[in-house]
$ cat coords_9.txt   # compact mmCIF, C-alpha atoms and all ligand atoms
# COMPACT_ATOMS: atom_id res chain seq x y z
CA MET A 468 -19.79 28.27 -25.73
CA TYR A 469 -17.04 30.34 -24.21
CA ALA A 470 -17.68 33.76 -22.74
CA PRO A 471 -15.34 36.45 -24.17
CA ALA A 472 -13.34 36.62 -20.93
CA ASP A 473 -12.75 32.86 -20.97
CA THR A 474 -10.31 33.06 -23.84
CA THR A 475 -7.85 35.60 -22.44
CA LEU A 476 -5.14 34.94 -19.85
CA THR A 477 -4.22 38.03 -17.86
CA TRP A 478 -0.91 38.26 -16.08
CA GLN A 479 1.29 40.96 -14.62
CA THR A 480 5.07 40.92 -14.84
CA LEU A 481 7.30 43.13 -12.74
CA ARG A 482 10.88 43.29 -13.94
CA SER A 483 13.53 44.87 -11.78
CA LEU A 484 16.50 46.44 -13.50
CA ASN A 485 18.62 44.50 -11.01
CA PRO A 486 19.20 40.95 -12.20
CA GLY A 487 17.81 38.17 -10.05
CA PRO A 488 15.56 35.11 -9.98
CA ARG A 489 12.56 34.89 -12.28
CA LEU A 490 9.55 33.68 -10.29
CA ILE A 491 6.05 32.99 -11.57
CA VAL A 492 3.09 32.57 -9.21
CA THR A 493 -0.05 30.93 -10.56
CA GLY A 494 -3.60 30.44 -9.28
CA ALA A 495 -6.77 28.67 -10.39
CA VAL A 496 -5.17 26.02 -12.58
CA HIS A 497 -8.25 24.26 -11.25
CA GLY A 498 -11.17 26.67 -11.46
CA VAL A 499 -12.69 25.93 -8.08
CA GLU A 500 -9.37 26.48 -6.27
CA THR A 501 -9.48 30.21 -5.69
CA CYS A 502 -7.22 30.72 -2.67
CA GLY A 503 -4.28 31.49 -4.94
CA THR A 504 -6.37 33.88 -7.01
CA GLN A 505 -7.41 35.75 -3.87
CA ALA A 506 -3.86 35.91 -2.56
CA ILE A 507 -2.40 37.05 -5.88
CA ARG A 508 -5.07 39.74 -6.32
CA ARG A 509 -4.46 40.96 -2.78
CA LEU A 510 -0.76 41.26 -3.56
CA GLN A 511 -1.49 43.00 -6.87
CA ALA A 512 -3.63 45.58 -5.07
CA GLU A 513 -0.83 46.18 -2.57
CA ILE A 514 1.73 46.48 -5.36
CA ALA A 515 -0.51 49.00 -7.13
CA ASP A 516 -0.58 50.87 -3.83
CA GLY A 517 3.20 51.12 -3.83
CA GLN A 518 3.90 48.31 -1.39
CA HIS A 519 6.45 45.51 -1.92
CA PRO A 520 8.84 47.27 -4.30
CA LEU A 521 10.77 44.66 -6.26
CA GLN A 522 14.46 44.63 -5.33
CA ARG A 523 15.69 42.37 -8.09
CA GLY A 524 14.66 39.75 -10.62
CA GLN A 525 11.31 39.20 -12.28
CA LEU A 526 7.94 38.42 -10.77
CA THR A 527 4.96 37.28 -12.83
CA LEU A 528 1.54 37.01 -11.21
CA LEU A 529 -1.12 34.98 -13.02
CA PRO A 530 -4.22 34.84 -10.81
CA VAL A 531 -6.41 32.69 -13.07
CA CYS A 532 -4.81 30.04 -15.26
CA ASN A 533 -8.10 28.46 -16.30
CA PRO A 534 -10.63 31.26 -16.92
CA LEU A 535 -13.32 28.92 -18.26
CA ALA A 536 -13.30 26.62 -15.22
CA PHE A 537 -12.95 29.63 -12.92
CA ARG A 538 -16.04 31.33 -14.34
CA MET A 539 -18.03 28.12 -14.12
CA GLY A 540 -16.84 27.47 -10.57
CA ARG A 541 -15.60 24.04 -11.56
CA ARG A 542 -12.33 22.20 -11.28
CA GLU A 543 -12.08 21.70 -15.04
CA GLY A 544 -13.45 23.32 -18.16
CA GLU A 545 -13.01 20.59 -20.75
CA GLY A 546 -10.16 18.70 -19.12
CA ASP A 547 -7.64 18.74 -16.27
CA LEU A 548 -5.23 21.56 -17.09
CA ASN A 549 -2.71 20.12 -14.65
CA ARG A 550 -2.44 16.99 -16.82
CA LYS A 551 -2.17 18.98 -20.05
CA ILE A 552 0.94 21.10 -19.69
CA ARG A 553 2.94 20.66 -22.85
CA LEU A 554 2.76 22.16 -26.33
CA HIS A 555 -0.14 20.68 -28.29
CA ASP A 556 0.30 20.76 -32.07
CA SER A 557 -3.43 20.38 -32.61
CA PRO A 558 -5.14 21.55 -29.44
CA ALA A 559 -8.35 19.58 -29.10
CA ASN A 560 -10.01 21.28 -26.15
CA PHE A 561 -9.95 24.41 -24.04
CA GLU A 562 -7.23 23.33 -21.64
CA GLU A 563 -4.89 22.35 -24.47
CA HIS A 564 -5.18 25.88 -25.84
CA VAL A 565 -4.41 27.21 -22.35
CA ALA A 566 -1.40 24.91 -22.11
CA ASN A 567 -0.06 26.31 -25.37
CA ALA A 568 -0.24 29.80 -23.88
CA LEU A 569 1.23 28.75 -20.53
CA CYS A 570 4.25 26.77 -21.72
CA PRO A 571 6.28 29.70 -23.11
CA LEU A 572 5.31 31.82 -20.11
CA LEU A 573 6.51 29.14 -17.68
CA LEU A 574 9.73 28.72 -19.63
CA ALA A 575 10.44 32.45 -19.24
CA HIS A 576 10.87 31.80 -15.51
CA GLU A 577 13.20 29.76 -13.35
CA VAL A 578 10.85 28.99 -10.47
CA LEU A 579 7.13 28.29 -10.20
CA LEU A 580 4.87 28.62 -7.17
CA ASP A 581 1.54 27.06 -8.18
CA LEU A 582 -1.28 27.62 -5.68
CA HIS A 583 -4.03 25.04 -5.25
CA SER A 584 -6.60 23.88 -2.71
CA PHE A 585 -8.30 20.56 -2.03
CA GLN A 586 -11.72 19.02 -1.41
CA SER A 587 -11.66 17.53 2.09
CA PRO A 588 -10.72 19.45 5.23
CA GLY A 589 -7.05 19.16 6.10
CA GLN A 590 -3.82 20.96 6.60
CA PRO A 591 -1.81 22.61 3.84
CA PHE A 592 1.09 20.83 2.19
CA VAL A 593 3.68 21.33 -0.52
CA VAL A 594 4.10 18.88 -3.37
CA ILE A 595 7.80 18.63 -4.18
CA GLY A 596 9.59 16.67 -6.85
CA PRO A 597 10.58 13.04 -6.49
CA ALA A 598 13.72 11.97 -4.69
CA ALA A 599 15.05 10.59 -7.96
CA PRO A 600 17.29 13.40 -9.12
CA PHE A 601 16.22 16.10 -11.44
CA ILE A 602 18.49 18.99 -12.18
CA LYS A 603 17.22 21.48 -9.62
CA SER A 604 16.07 19.00 -6.95
CA HIS A 605 18.18 20.48 -4.16
CA GLU A 606 17.17 24.06 -4.94
CA GLU A 607 13.53 23.06 -5.04
CA VAL A 608 13.52 21.43 -1.60
CA GLU A 609 15.33 24.40 -0.07
CA PHE A 610 12.79 26.75 -1.61
CA ALA A 611 9.86 24.58 -0.48
CA LYS A 612 11.04 24.61 3.13
CA HIS A 613 10.72 28.39 3.27
CA LEU A 614 7.07 28.72 2.26
CA GLY A 615 5.71 28.44 5.80
CA VAL A 616 4.14 24.98 5.39
CA ASN A 617 5.71 21.95 7.07
CA HIS A 618 4.00 19.00 5.34
CA PHE A 619 5.44 17.76 2.06
CA VAL A 620 4.41 15.21 -0.51
CA GLU A 621 7.05 13.84 -2.85
CA GLY A 622 5.84 13.73 -6.42
CA VAL A 623 6.07 10.96 -8.95
CA PRO A 624 9.34 10.51 -10.82
CA ILE A 625 9.58 12.61 -13.94
CA LEU A 626 10.66 9.67 -16.05
CA THR A 627 7.36 7.89 -15.51
CA THR A 628 5.37 10.87 -16.72
CA LEU A 629 7.45 12.30 -19.54
CA PRO A 630 7.97 12.67 -22.41
CA VAL A 631 4.60 11.17 -23.28
CA PRO A 632 2.40 10.96 -20.21
CA PRO A 633 -0.78 8.96 -20.65
CA GLU A 634 -3.15 11.85 -20.18
CA GLY A 635 -1.56 14.14 -22.72
CA GLY A 636 0.64 16.42 -20.63
CA ALA A 637 2.27 17.13 -17.32
CA SER A 638 1.47 19.26 -14.31
CA THR A 639 2.86 22.78 -14.24
CA ALA A 640 5.57 21.78 -11.76
CA ILE A 641 6.58 18.64 -13.63
CA PHE A 642 6.81 20.69 -16.80
CA MET A 643 9.20 23.07 -15.03
CA ARG A 644 11.36 20.21 -13.67
CA ALA A 645 11.47 18.54 -17.05
CA ASN A 646 12.82 21.76 -18.54
CA GLY A 647 15.72 22.33 -16.16
CA ARG A 648 13.71 24.60 -13.87
CA TYR A 649 11.85 23.89 -10.67
CA GLY A 650 8.52 24.52 -9.09
CA VAL A 651 6.21 23.40 -6.35
CA THR A 652 2.50 22.93 -6.00
CA LEU A 653 1.25 24.41 -2.75
CA GLU A 654 -2.04 22.93 -1.58
CA CYS A 655 -3.19 25.71 0.73
CA GLY A 656 -6.18 24.08 2.43
CA GLN A 657 -9.76 23.10 1.80
CA HIS A 658 -11.36 25.00 -1.10
CA ALA A 659 -13.58 27.14 1.15
CA ASP A 660 -11.26 27.38 4.17
CA PRO A 661 -10.82 31.09 4.94
CA ALA A 662 -7.26 30.30 6.08
CA ALA A 663 -6.25 29.01 2.63
CA PRO A 664 -5.84 32.44 0.94
CA LYS A 665 -3.72 33.51 3.92
CA VAL A 666 -1.50 30.45 3.53
CA ALA A 667 -1.15 31.30 -0.16
CA TYR A 668 -0.41 34.97 0.50
CA ARG A 669 2.21 34.18 3.14
CA ALA A 670 3.85 31.69 0.78
CA ILE A 671 4.16 34.28 -1.98
CA LEU A 672 5.72 36.84 0.34
CA ASN A 673 8.00 34.18 1.83
CA ALA A 674 9.07 33.17 -1.66
CA LEU A 675 9.87 36.75 -2.60
CA ALA A 676 11.79 37.30 0.63
CA TYR A 677 13.63 33.98 0.22
CA PHE A 678 14.89 35.11 -3.18
CA ARG A 679 15.70 38.57 -1.78
CA MET A 680 13.31 40.06 -4.29
CA LEU A 681 11.76 42.11 -1.48
CA ALA A 682 13.43 44.21 1.18
CA ALA A 683 12.24 41.81 3.88
CA PRO A 684 14.03 39.38 6.19
CA VAL A 685 14.64 35.95 4.68
CA PRO A 686 12.13 33.61 6.35
CA ALA A 687 13.36 30.73 8.47
CA PRO A 688 12.87 27.23 7.07
CA VAL A 689 10.08 25.21 8.69
CA SER A 690 11.38 23.59 11.84
CA LYS A 691 9.74 20.14 11.72
CA PRO A 692 9.24 19.16 8.09
CA VAL A 693 7.57 15.83 7.41
CA SER A 694 7.27 14.24 4.02
CA VAL A 695 5.49 11.32 2.45
CA ARG A 696 5.78 9.64 -0.91
CA TYR A 697 2.95 8.79 -3.28
CA GLY A 698 1.98 5.14 -3.15
CA ARG A 699 -1.02 3.29 -4.52
CA LYS A 700 -3.63 5.38 -6.32
CA ILE A 701 -7.24 4.35 -5.83
CA VAL A 702 -9.74 5.31 -8.50
CA ARG A 703 -13.36 5.84 -7.56
CA ARG A 704 -15.46 3.32 -9.44
CA GLY A 705 -18.94 4.70 -8.94
CA GLU A 706 -21.17 7.05 -7.00
CA ALA A 707 -21.95 4.32 -4.48
CA ASP A 708 -18.32 4.05 -3.28
CA ARG A 709 -18.07 5.34 0.29
CA PHE A 710 -15.22 6.09 2.67
CA SER A 711 -15.41 4.48 6.12
CA ARG A 712 -15.01 7.94 7.63
CA ALA A 713 -14.22 11.52 6.72
CA TRP A 714 -10.54 11.03 5.93
CA GLN A 715 -8.10 13.91 5.72
CA SER A 716 -4.73 14.10 4.00
CA PHE A 717 -1.93 12.84 6.27
CA ASP A 718 -4.31 10.72 8.37
CA ALA A 719 -2.24 7.71 9.48
CA VAL A 720 -3.73 4.27 8.79
CA LYS A 721 -2.71 0.81 9.98
CA ALA A 722 -2.19 -2.25 7.79
CA GLY A 723 -5.57 -3.85 7.17
CA GLU A 724 -7.55 -0.83 8.29
CA LEU A 725 -10.83 -0.27 6.44
CA ILE A 726 -10.63 2.84 4.28
CA GLY A 727 -13.84 2.56 2.32
CA THR A 728 -16.25 0.24 0.57
CA PHE A 729 -16.92 0.10 -3.14
CA GLY A 730 -20.50 0.03 -4.36
CA GLY A 731 -20.25 -3.67 -5.17
CA GLY A 732 -19.37 -4.44 -1.54
CA GLU A 733 -15.62 -4.92 -2.00
CA GLU A 734 -13.63 -3.35 0.82
CA LEU A 735 -10.68 -1.03 0.41
CA ARG A 736 -8.09 -1.70 3.12
CA ALA A 737 -4.58 -0.41 3.73
CA ASP A 738 -1.83 -2.81 2.60
CA ASN A 739 0.58 -1.55 5.23
CA ASP A 740 1.04 1.21 7.76
CA ALA A 741 0.79 4.36 5.71
CA CYS A 742 -1.05 7.61 5.52
CA LEU A 743 -3.70 8.92 3.16
CA LEU A 744 -3.51 11.75 0.67
CA PHE A 745 -6.15 13.64 -1.30
CA PRO A 746 -9.20 11.71 -0.11
CA ASP A 747 -12.07 13.05 -2.16
CA PRO A 748 -15.46 11.64 -1.21
CA LEU A 749 -17.02 13.49 -4.15
CA ALA A 750 -14.49 12.37 -6.78
CA LYS A 751 -15.96 11.86 -10.22
CA PRO A 752 -16.10 8.11 -10.93
CA GLY A 753 -13.01 7.16 -12.93
CA THR A 754 -10.83 9.77 -11.21
CA GLU A 755 -8.57 9.67 -8.14
CA TRP A 756 -10.50 8.80 -4.95
CA VAL A 757 -7.57 8.58 -2.53
CA TYR A 758 -3.85 7.84 -2.49
CA PHE A 759 -1.90 5.72 -0.03
CA ALA A 760 1.41 7.33 0.89
CA ASP A 761 4.54 5.84 2.40
CA ALA A 762 7.31 7.43 4.41
CA GLY A 763 9.10 10.01 2.33
CA THR A 764 12.80 9.95 1.66
CA ARG A 765 13.39 13.63 2.37
CA PHE A 766 12.30 14.12 5.97
CA GLN A 767 10.21 11.76 8.10
CA LEU A 768 6.77 10.20 8.32
CA PRO A 769 4.13 12.17 10.23
CA SER A 770 3.38 10.56 13.59
ZN ZN A 801 -5.62 21.75 -7.90
$ encode --input "coords_9.txt" --output "structure tokens" --more "lines below"
Ligand SMILES: [Zn+2]
Amino acid sequence: MYAPADTTLTWQTLRSLNPGPRLIVTGAVHGVETCGTQAIRRLQAEIADGQHPLQRGQLTLLPVCNPLAFRMGRREGEGDLNRKIRLHDSPANFEEHVANALCPLLLAHEVLLDLHSFQSPGQPFVVIGPAAPFIKSHEEVEFAKHLGVNHFVEGVPILTTLPVPPEGGASTAIFMRANGRYGVTLECGQHADPAAPKVAYRAILNALAYFRMLAAPVPAPVSKPVSVRYGRKIVRRGEADRFSRAWQSFDAVKAGELIGTFGGGEELRADNDACLLFPDPLAKPGTEWVYFADAGTRFQLPS
């Protein structure tokens, strides 16, 4: 059963009387990914203390998008919220109810900064939209370059995921792009990395400064951006599947290199020179184990 606090979303909206961008910052779409929650709550405490007066526009801070998963300390409550973002006529589980609450809130904003973390150690990166054009593609990349993180992953094309994606909804960022807005997913670091909340906090302040919503200097764009593009997705088949070593996102691999071995003995090898994304040695069987990524079209391949 749900605890009383599970079924309430709590957000804070600051609205300047001066017109400007409408930015929403979200944390804990996945309940175990708390760096964004920590960063948002830190900022909320500072705002309550009179710091960071809003110069223009609208800022919404939503520290916990999935209260059920957050309380349980799990990625998901009853499903992956980041595959559920659309309006559900007959919500069938907890995350579909959350999606119904989130959609109008997201649509009340022009830009989304969605803060996540990941399972294996590695450096932070920003997931940006695909190179195939969507309305605000240019604005999104410019925004993403100012968050203080210089690794980028190009997302899957919108047209392959909407209007009826196989798993019942989109990610928060894809939902924004599909509705004439834009947004990025910032993967701030490993779940327990003490640096991850700092990456998240810096990104929020950078975003606010970038939009001139704070009286702070506009941050410089990252100087050496590198980007990769999603390639082949590998699903973990069973608990006996093992990686050949402790892979990290953006690890470069050579064609033919052994990545892991499935429980039945079949080997997983790289088709071509590429790099790896989201390796998760603890992935639930039937879910994403690792992705191969190719050189991105926006910047350059990491060397
Ligand atoms: Zn996540």
$ atom_distance --input "coords_9.txt" --atom1 "CA of Val565 in chain A" --atom2 "CA of Leu580 in chain A"
17.8 Å
$ residues_near_ligand --input "coords_9.txt" --ligand "ligand ZN 801 (chain A)" --cutoff "8 Å" --atoms "all atoms listed in the file" --output "ChimeraX atom specification"
/A:495-497,500,542,549,582-585,654
$ residues_near_point --input "coords_9.txt" --point "(-3.2, 30.4, -13.2)" --cutoff "7 Å" --atoms "all atoms listed in the file" --output "list in words"
Thr493, Gly494, Ala495, Val496, Leu529, Pro530, Val531, Cys532 and Asn533 of chain A
$ closest_residue --input "coords_9.txt" --among "A:Ala663, A:Val492, A:Leu614, A:Met468" --to "Glu545 in chain A" --atoms "only C-alpha atoms"
A:Met468
$ residues_around --input "coords_9.txt" --residues "Tyr668 in chain A" --least-positions-apart "5" --cutoff "9 Å" --atoms "all atoms listed in the file" --output "tab-separated table (two decimals) with C-alpha atoms, keeping the file's coordinate frame"
chain	number	residue	atom	x	y	z
A	502	CYS	CA	-7.22	30.72	-2.67
A	503	GLY	CA	-4.28	31.49	-4.94
A	505	GLN	CA	-7.41	35.75	-3.87
A	506	ALA	CA	-3.86	35.91	-2.56
A	507	ILE	CA	-2.40	37.05	-5.88
A	509	ARG	CA	-4.46	40.96	-2.78
A	510	LEU	CA	-0.76	41.26	-3.56
A	663	ALA	CA	-6.25	29.01	2.63
A	673	ASN	CA	8.00	34.18	1.83
$ residues_around --input "coords_9.txt" --residues "range 519-522 of chain A" --least-positions-apart "6" --cutoff "10 Å" --atoms "all atoms listed in the file" --output "mmCIF file with C-alpha atoms, keeping the file's coordinate frame"
data_model
loop_
_atom_site.group_PDB
_atom_site.id
_atom_site.type_symbol
_atom_site.label_atom_id
_atom_site.label_comp_id
_atom_site.auth_asym_id
_atom_site.auth_seq_id
_atom_site.Cartn_x
_atom_site.Cartn_y
_atom_site.Cartn_z
ATOM 1 C CA LEU A 481 7.300 43.130 -12.740
ATOM 2 C CA ARG A 482 10.880 43.290 -13.940
ATOM 3 C CA SER A 483 13.530 44.870 -11.780
ATOM 4 C CA LEU A 484 16.500 46.440 -13.500
ATOM 5 C CA ASN A 485 18.620 44.500 -11.010
ATOM 6 C CA PRO A 486 19.200 40.950 -12.200
ATOM 7 C CA GLY A 487 17.810 38.170 -10.050
ATOM 8 C CA LEU A 510 -0.760 41.260 -3.560
ATOM 9 C CA GLN A 511 -1.490 43.000 -6.870
ATOM 10 C CA GLU A 513 -0.830 46.180 -2.570
ATOM 11 C CA LEU A 672 5.720 36.840 0.340
ATOM 12 C CA LEU A 675 9.870 36.750 -2.600
ATOM 13 C CA ALA A 676 11.790 37.300 0.630
ATOM 14 C CA PHE A 678 14.890 35.110 -3.180
ATOM 15 C CA ARG A 679 15.700 38.570 -1.780
ATOM 16 C CA MET A 680 13.310 40.060 -4.290
ATOM 17 C CA LEU A 681 11.760 42.110 -1.480
ATOM 18 C CA ALA A 682 13.430 44.210 1.180
ATOM 19 C CA ALA A 683 12.240 41.810 3.880
#
$ closest_residue --input "coords_9.txt" --among "A:Phe710, A:Phe592, A:Phe729, A:Phe561" --to "Leu535 in chain A" --atoms "all atoms listed in the file"
A:Phe561
$ residues_near_point --input "coords_9.txt" --point "(-1.7, 25.6, 5.6)" --cutoff "6 Å" --atoms "only C-alpha atoms" --output "PyMOL selection string"
chain A and resi 590-591+616+655-656+666
$ axis_aligned_box --input "coords_9.txt" --around "range 734-751 of chain A" --padding-each-side "3 Å" --output "AutoDock Vina command-line options"
--center_x -8.0 --center_y 5.1 --center_z -1.2 --size_x 24.1 --size_y 23.0 --size_z 24.0
$ residues_around --input "coords_9.txt" --residues "Ala719 in chain A" --least-positions-apart "4" --cutoff "7 Å" --atoms "only C-alpha atoms" --output "ChimeraX atom specification"
/A:741-743
$ residues_around --input "coords_9.txt" --residues "Gly723 in chain A" --least-positions-apart "6" --cutoff "7 Å" --atoms "only C-alpha atoms" --output "CSV table (one decimal) with C-alpha atoms, in the coordinates of the input"
chain,number,residue,atom,x,y,z
A,736,ARG,CA,-8.1,-1.7,3.1
A,737,ALA,CA,-4.6,-0.4,3.7
A,738,ASP,CA,-1.8,-2.8,2.6
A,739,ASN,CA,0.6,-1.6,5.2
$ residues_around --input "coords_9.txt" --residues "range 635-642 of chain A" --least-positions-apart "3" --cutoff "10 Å" --atoms "only C-alpha atoms" --output "short mmCIF file (atom, residue, chain, number, x, y, z; two decimals) with C-alpha atoms, in the coordinates of the input"
data_model
loop_
_atom_site.label_atom_id
_atom_site.label_comp_id
_atom_site.auth_asym_id
_atom_site.auth_seq_id
_atom_site.Cartn_x
_atom_site.Cartn_y
_atom_site.Cartn_z
CA THR A 493 -0.05 30.93 -10.56
CA VAL A 496 -5.17 26.02 -12.58
CA ASP A 547 -7.64 18.74 -16.27
CA LEU A 548 -5.23 21.56 -17.09
CA ASN A 549 -2.71 20.12 -14.65
CA ARG A 550 -2.44 16.99 -16.82
CA LYS A 551 -2.17 18.98 -20.05
CA ILE A 552 0.94 21.10 -19.69
CA ARG A 553 2.94 20.66 -22.85
CA LEU A 554 2.76 22.16 -26.33
CA HIS A 555 -0.14 20.68 -28.29
CA GLU A 563 -4.89 22.35 -24.47
CA ALA A 566 -1.40 24.91 -22.11
CA LEU A 569 1.23 28.75 -20.53
CA CYS A 570 4.25 26.77 -21.72
CA LEU A 573 6.51 29.14 -17.68
CA LEU A 574 9.73 28.72 -19.63
CA VAL A 578 10.85 28.99 -10.47
CA LEU A 579 7.13 28.29 -10.20
CA LEU A 580 4.87 28.62 -7.17
CA ASP A 581 1.54 27.06 -8.18
CA VAL A 594 4.10 18.88 -3.37
CA ILE A 595 7.80 18.63 -4.18
CA GLY A 596 9.59 16.67 -6.85
CA PRO A 597 10.58 13.04 -6.49
CA GLY A 622 5.84 13.73 -6.42
CA VAL A 623 6.07 10.96 -8.95
CA PRO A 624 9.34 10.51 -10.82
CA ILE A 625 9.58 12.61 -13.94
CA THR A 628 5.37 10.87 -16.72
CA LEU A 629 7.45 12.30 -19.54
CA PRO A 630 7.97 12.67 -22.41
CA VAL A 631 4.60 11.17 -23.28
CA PRO A 632 2.40 10.96 -20.21
CA ALA A 645 11.47 18.54 -17.05
CA ASN A 646 12.82 21.76 -18.54
CA GLY A 647 15.72 22.33 -16.16
CA ARG A 648 13.71 24.60 -13.87
CA TYR A 649 11.85 23.89 -10.67
CA GLY A 650 8.52 24.52 -9.09
CA VAL A 651 6.21 23.40 -6.35
CA THR A 652 2.50 22.93 -6.00
#
$ closest_residue --input "coords_9.txt" --among "A:Thr501, A:Gln525, A:Thr480, A:Gln715" --to "His658 in chain A" --atoms "only C-alpha atoms"
A:Thr501
$ atom_distance --input "coords_9.txt" --atom1 "CA of Arg709 in chain A" --atom2 "CA of Gly730 in chain A"
7.5 Å
$ atom_distance --input "coords_9.txt" --atom1 "CA of Ala687 in chain A" --atom2 "CA of His613 in chain A"
6.3 Å
$ closest_residue --input "coords_9.txt" --among "A:Ser587, A:Gln657, A:Asn617, A:Ser604" --to "Trp756 in chain A" --atoms "all atoms listed in the file"
A:Ser587
$ closest_residue --input "coords_9.txt" --among "A:Arg489, A:Lys612, A:Lys751, A:Lys721" --to "Asp708 in chain A" --atoms "all atoms listed in the file"
A:Lys751
$ closest_residue --input "coords_9.txt" --among "A:Pro488, A:Pro571, A:Gly524, A:Pro664" --to "Thr504 in chain A" --atoms "all atoms listed in the file"
A:Pro664
$ build_atoms --input "coords_9.txt" --residues "range 519-538 of chain A" --atoms "N, CA and C atoms" --output "short mmCIF file (atom, residue, chain, number, x, y, z; two decimals), in the coordinates of the input"
data_model
loop_
_atom_site.label_atom_id
_atom_site.label_comp_id
_atom_site.auth_asym_id
_atom_site.auth_seq_id
_atom_site.Cartn_x
_atom_site.Cartn_y
_atom_site.Cartn_z
N HIS A 519 5.63 46.62 -1.40
CA HIS A 519 6.45 45.51 -1.92
C HIS A 519 7.28 45.88 -3.14
N PRO A 520 8.01 46.97 -3.12
CA PRO A 520 8.84 47.27 -4.30
C PRO A 520 9.84 46.14 -4.57
N LEU A 521 9.92 45.78 -5.85
CA LEU A 521 10.77 44.66 -6.26
C LEU A 521 12.24 45.09 -6.19
N GLN A 522 13.04 44.30 -5.50
CA GLN A 522 14.46 44.63 -5.33
C GLN A 522 15.32 44.09 -6.47
N ARG A 523 14.91 42.96 -7.01
CA ARG A 523 15.69 42.37 -8.09
C ARG A 523 14.85 41.29 -8.78
N GLY A 524 15.28 40.88 -9.94
CA GLY A 524 14.66 39.75 -10.62
C GLY A 524 13.35 40.09 -11.30
N GLN A 525 12.57 39.07 -11.53
CA GLN A 525 11.31 39.20 -12.28
C GLN A 525 10.22 38.42 -11.56
N LEU A 526 9.09 39.05 -11.41
CA LEU A 526 7.94 38.42 -10.77
C LEU A 526 6.75 38.48 -11.72
N THR A 527 6.19 37.32 -12.04
CA THR A 527 4.96 37.28 -12.83
C THR A 527 3.85 36.71 -11.96
N LEU A 528 2.71 37.41 -11.98
CA LEU A 528 1.54 37.01 -11.21
C LEU A 528 0.41 36.68 -12.18
N LEU A 529 -0.05 35.44 -12.13
CA LEU A 529 -1.12 34.98 -13.02
C LEU A 529 -2.24 34.43 -12.15
N PRO A 530 -3.23 35.26 -11.81
CA PRO A 530 -4.22 34.84 -10.81
C PRO A 530 -5.17 33.75 -11.27
N VAL A 531 -5.45 33.69 -12.57
CA VAL A 531 -6.41 32.69 -13.07
C VAL A 531 -5.81 32.01 -14.29
N CYS A 532 -5.38 30.78 -14.13
CA CYS A 532 -4.81 30.04 -15.26
C CYS A 532 -5.89 29.42 -16.14
N ASN A 533 -7.03 29.13 -15.54
CA ASN A 533 -8.10 28.46 -16.30
C ASN A 533 -9.37 29.30 -16.20
N PRO A 534 -9.50 30.34 -17.05
CA PRO A 534 -10.63 31.26 -16.92
C PRO A 534 -11.99 30.59 -17.14
N LEU A 535 -12.05 29.60 -18.01
CA LEU A 535 -13.32 28.92 -18.26
C LEU A 535 -13.80 28.19 -17.00
N ALA A 536 -12.92 27.36 -16.43
CA ALA A 536 -13.30 26.62 -15.22
C ALA A 536 -13.56 27.57 -14.06
N PHE A 537 -12.79 28.65 -14.00
CA PHE A 537 -12.95 29.63 -12.92
C PHE A 537 -14.33 30.28 -13.01
N ARG A 538 -14.73 30.70 -14.20
CA ARG A 538 -16.04 31.33 -14.34
C ARG A 538 -17.16 30.36 -14.00
#
